Amino acid sequence: MKPVRRNGQTRTVTREGGFTLLELIIAAGILAIIIVNMSMLLRATSQTHDASEDTQALDLHARQTLDRIVIALQSAAKNSVIPAAEAPLYSSAVDYDVSLGVEDGELVWGEPERIGLQMDTGEVLWYRSLGTEEERRVVWGRYVGPAMLGESPQNGLDDNTNGIIDELGLSFTVAGDSVIVRMTLERTNSAGVALVREFEQVVAFRN
Amino acid sequence: MKTTHQRAHASRRGSALALALMIVTIVALLSAMMLQLSSAHWRREAGAVDQKRAFYIAEAGLSEAIYGLLQGNSGIVGTQELPVRFGDGVFWTQAESDAQDIVHIESTALCGQARAKLAIAIELYYDNALNLGAFSGRNMTIGAGAYIDAYNSKNGPYSAPLPGAMLYRATVGSNGDVSVGGLRGLVPTTILGNVTPGPDKSVSVALGGNVVGNTSPRADSVELPLITIPAASWFGPMTVSPAGTGLLPSGTYAGPNMTIGTNATGTIVGPAIVVVDSLHLAGSARLRVDSSVGPVEIYVSQAMTTTALSSIVNVTGDPRGLSLWLDMSTRTGGVLSFAHQGAFHGSIYAPRADVAIAANAPVYGSVVAGGLTLAPGAQFHIDVSAGDLGSTDMSLSVLHWRPVAVPREIAGDLRYEPLADFAARGVALPAPGAGHVPIDMAVEYTRDDGEVRTFRGTEEAFDRSVVDAVIEEVVQPPVRTENRVGERRSWAAIDDPVTAKLKPVKGERGMGPRDDDDDDD
């Protein structure tokens with residue numbers, strides 16, 4: 001460009017020819033490649049992020065559920081836990097009594113409680129005074145799988161070699177003064193990715 | 001008038017900047033959304049972590065309180081107004097004992113925005129070899145059909161535990177193997193408690209035997225200390241002729257032997273210490289011990305013989321009132337067969353002898369011996385307080401543990417973060433070791449719910465708003481200004497009539513300030 005003075009006015013002279021069709025096609029092609037790659041990258045990132053978020057949310061949900069179970073069983077009297085299944089047996093529900101305190105030198109026990117798996121809904125349910133008019137029921141957790149990770153139910157084998165045979169997604173196994181709680185959570189996220197997480201916690205009876 | 005060139009110039013001016021601004025805005029919005037999502041997730045995670053931290057800080061509070069109790073402090077550590085700092089949070093504990101001397105401790109912890117509160121009930125007792133319950137220095141044999149459980153004589157006479165409500169666990173132990181028998185007829189062998197064999201030893205339970213407790217071996221052997229014979233005034237032979245009666249009043253006596261003839265009755269009135277080389281109960285002889293005023297301790301250095309018809313009767317039925325200290329060895333005394341007519345309420349300590357408990361002699365108390373055998377059908381009711389005979393070292397057993405709801409006034413304000421608040425106010429929180437409250441006063445009182453509790457601590461740590469009526473208040477002038485774990489303060493000192501100021505105020509609601517000038521001692 002160079003300035004041209006004419007009749008006292010200054011104007012800039014530029015090339016006004018524009019782009020050729022070939023230039024436009026090449027530019028559009030490059031832009032399309034960039035956009036497609038960007039969108040693929042964004043989509044992959046988004047999926048990874050969503051999966052990570054969903055896994056973390058599932059872990060958090062599992063930990064909160066396990067924490068409730070742990071505190072309840074810690075407060076239970078060992079000799080009140082029914083059934084007290086030892087490996088390779090297990091139970092997917094336990095009944096227990098919780099100590100409320102000591103009065104006049106005697107232990108005071110609360111109403112019987114139960115923690116169990118509702119198979120059809122995959123929920124962990126807590127009951128108090130089950131089967132009575134005062135029955136209380138609270139959902140402590142969801143997404144419990146039909147079987148423990150790596151276990152094929154009802155084949156009589158310990159497929160996942162954890163010492164328990166044919167265990168469901170929630171299992172209780174008594175070992176000495178402790179109970180081992182195992183739980184497998186399964187959930188399919190919005191992207192259709194199946195998430196499966198397994199958890200295990202040893203709870204020592206305090207009473 | 002604008003020319004074509006000017007219009008073209010104007011149309012291009014600033015378009016790149018607008019485009020860039022739009023892209024930057026979109027990226028910024030996306031970033032903000034991502035940040036918000038991550039932040040919300042992080043807050044949920046942090047809340048869960050804080051909740052666990054608060055739980056474990058409350059657990060630490062319970063441990064610190066128990067440590068303080070064992071050191072002779074009150075078990076109170078910090079207060080709600082000035083808690084102690086632990087890790088990333090704070091805690092404070094409250095401790096009171098009930099009418100059965102069971103100590104109830106509550107520990108409250110705050111960490112970030114999480115709160116946790118735990119309660120525990122423990123029983124303190126003095127360390128003494130007799131607290132071993134039923135113990136054998138060598139292998140132990142429990143005959144078929146035998147029954148062993150535990151109770152606490154401090155709470156009154158023995159009563160059989162209800163099914164599923166085992167308040168006390170029997171402690172059966174050995175430095176060797178333990179053999180538990182099975183069925184005796186239709187009667188199973190039952191042990192309501194732990195059976196602890198020696199290191200690398202085991203418990204064998206025959207078919208029909210039932211151990212409701214742990215059977216894991218102990219880590220280290222238990223060394224049974226030898227008996228120290230106390231000094232006693234020489235009295236000479238203590239003999240009661242057949243069918244006769246004899247009486248030893250309260251005091252200390254030493255002699256070569258104590259012999260009670262057939263159908264004779266010898267009575268020892270406590271508090272008394274009797275030291276003899278041998279003790280013989282013939283035929284249907286009866287040794288009667290009256291421990292209503294004080295305990296009777298009988299030391300035997302060489303031999304002891306009883307018969308299936310003889311009896312040692314502790315008239316109070318309190319095992320803490322009678323103890324037999326048998327210093328003979330198996331080599332010199334052979335197996336001490338504790339044949340006995342009727343129940344025996346007391347404790348036997350025979351670290352060098354083998355002792356056999358017969359079926360017709362139910363024992364209420366404890367037996368610790370070099371070797372111990374329970375005959376088939378024997379009954380043994382272990383008194384967990386059997387060791388309260390003067391040793392000053394204290395131990396504890398946990399009766400109850402559970403999480404409790406955090407009070408609304410503590411849980412209510414979730415935005416309150418304790419460490420930030422105390423830091424903002426310039427308050428330096430003490431470490432747990434410096435937060436122990438000593439025992440300068442004791443108040444026995446009735447709570448609003450009717451329960452009788454005893455508070456031990458300081459006036460500052462006592463919440464009088466929970467008092468319905470004060471039964472008795474004991475104030476001990478502080479003897480130390482320091483308040484550190486490691487300095488022993490005896491629980492017994494609070495009851496010392498010389499240093500304590502008794503202040504019974506029955507029926508009075510203890511809400512107002514106390515009259516410190518009250519000089520009624």
# chains A, B, ... in the order shown; residues from 1 in each chain; ligands from 1

$ interface_residues --of "chain A" --to "chain B" --cutoff "9 Å" --atoms "only C-alpha atoms" --output "count of residues only"
34

$ residues_around --residues "B:Ala282" --least-positions-apart "6" --cutoff "10 Å" --atoms "only C-alpha atoms" --output "list in words"
Pro242, Thr259, Ile260, Gly261, Thr262, Asn263, Ala264, Thr305, Thr306, Thr307, Ala308, Leu309, Ser310 and Ser311 of chain B

$ closest_residue --among "B:Leu322, B:Ala461, B:Val289, B:Leu130" --to "B:Asp440" --atoms "only C-alpha atoms"
B:Ala461

$ residues_around --residues "stretch 244-247 of chain B" --least-positions-apart "6" --cutoff "7 Å" --atoms "only C-alpha atoms" --output "NGL selection string"
:B and (264-268)

$ write_last_selection --atoms "C-alpha atoms" --output "PDB file, in the first residue's frame"
ATOM      1  CA  ALA B 264     -15.685 -77.550 114.749  1.00  0.00           C
ATOM      2  CA  THR B 265     -16.127 -73.893 113.753  1.00  0.00           C
ATOM      3  CA  GLY B 266     -13.366 -71.317 113.761  1.00  0.00           C
ATOM      4  CA  THR B 267     -14.251 -67.685 113.152  1.00  0.00           C
ATOM      5  CA  ILE B 268     -11.931 -64.920 111.952  1.00  0.00           C
TER       6      ILE B 268
END

$ residues_around --residues "B:Asn360" --least-positions-apart "2" --cutoff "10 Å" --atoms "only C-alpha atoms" --output "list in words"
Ala308, Leu309, Ala339, His340, Gln341, Gly342, Ala343, Ile357, Ala358, Pro362, Val363, Ala375, Pro376, Gly377, Ala378 and Gln379 of chain B
